[in-house]
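Visitor: For reference, the structure I am asking about is given below.
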Amino acid sequence: MNRWTGKASSLDEWLQLLTQQPEIMDNVTHWHTIPPKEARSTAMPADIHPKLAEALAGRGISQLFVHQAE
């Protein structure tokens with residue numbers, strides 16, 4: 001727990017706190033954790049609008065995730 005904000009410092013910590021709340025977990029019938037996968041990225045599509053490509057480049061984004069490009 002972040003001592004300054006009183007909030008979870010990470011997603012893992014938040015999930016751990018969530019599992020300790022009976023009022024929530026009493027309604028959970030199944031909990032399954034999916035193992036992480038390596039991200040798949042692809043080049044920026046040629047038909048992307050130039051202003052969007054410029055805005056993304058301004059934020060350091062030069063590739064899209066495969067599902068975004070699709």
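Naming works like this for the structure tokens: A, B, ... for the chains as they're shown, residue 1 at the start of each chain, ligands 1 onward in shown order.
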So which residues of chain A fall under helix (DSSP H, G or I) by DSSP, listed as a list in words?
Guide: Leu11, Asp12, Glu13, Trp14, Leu15, Gln16, Leu17, Leu18, Thr19, Pro22, Glu23, Ile24, Met25, Pro50, Lys51, Leu52, Ala53, Glu54, Ala55, Leu56, Ala57, Gly58, Val66, His67, Gln68 and Ala69 of chain A
Visitor: May I have all residues of chain A that DSSP, computed from the backbone, assigns to strand (DSSP E), given as a list in words?
Guide: Ser41, Thr42, Ala43, Gln63, Leu64 and Phe65 of chain A
Visitor: Name the residues in contact with Arg40 of chain A at a cut-off of 9 Å, using only C-alpha atoms, excluding same-chain residues fewer than 2 positions from it; report them as a PyMOL selection string.
Guide: chain A and resi 37-38+42+64-67
Visitor: Please provide the set of residues having any atom within 12 Å of segment 49-54 of chain A, restricted to only C-alpha atoms, with same-chain residues fewer than 6 positions apart removed, written as a PyMOL selection string.
Guide: chain A and resi 43+60-64
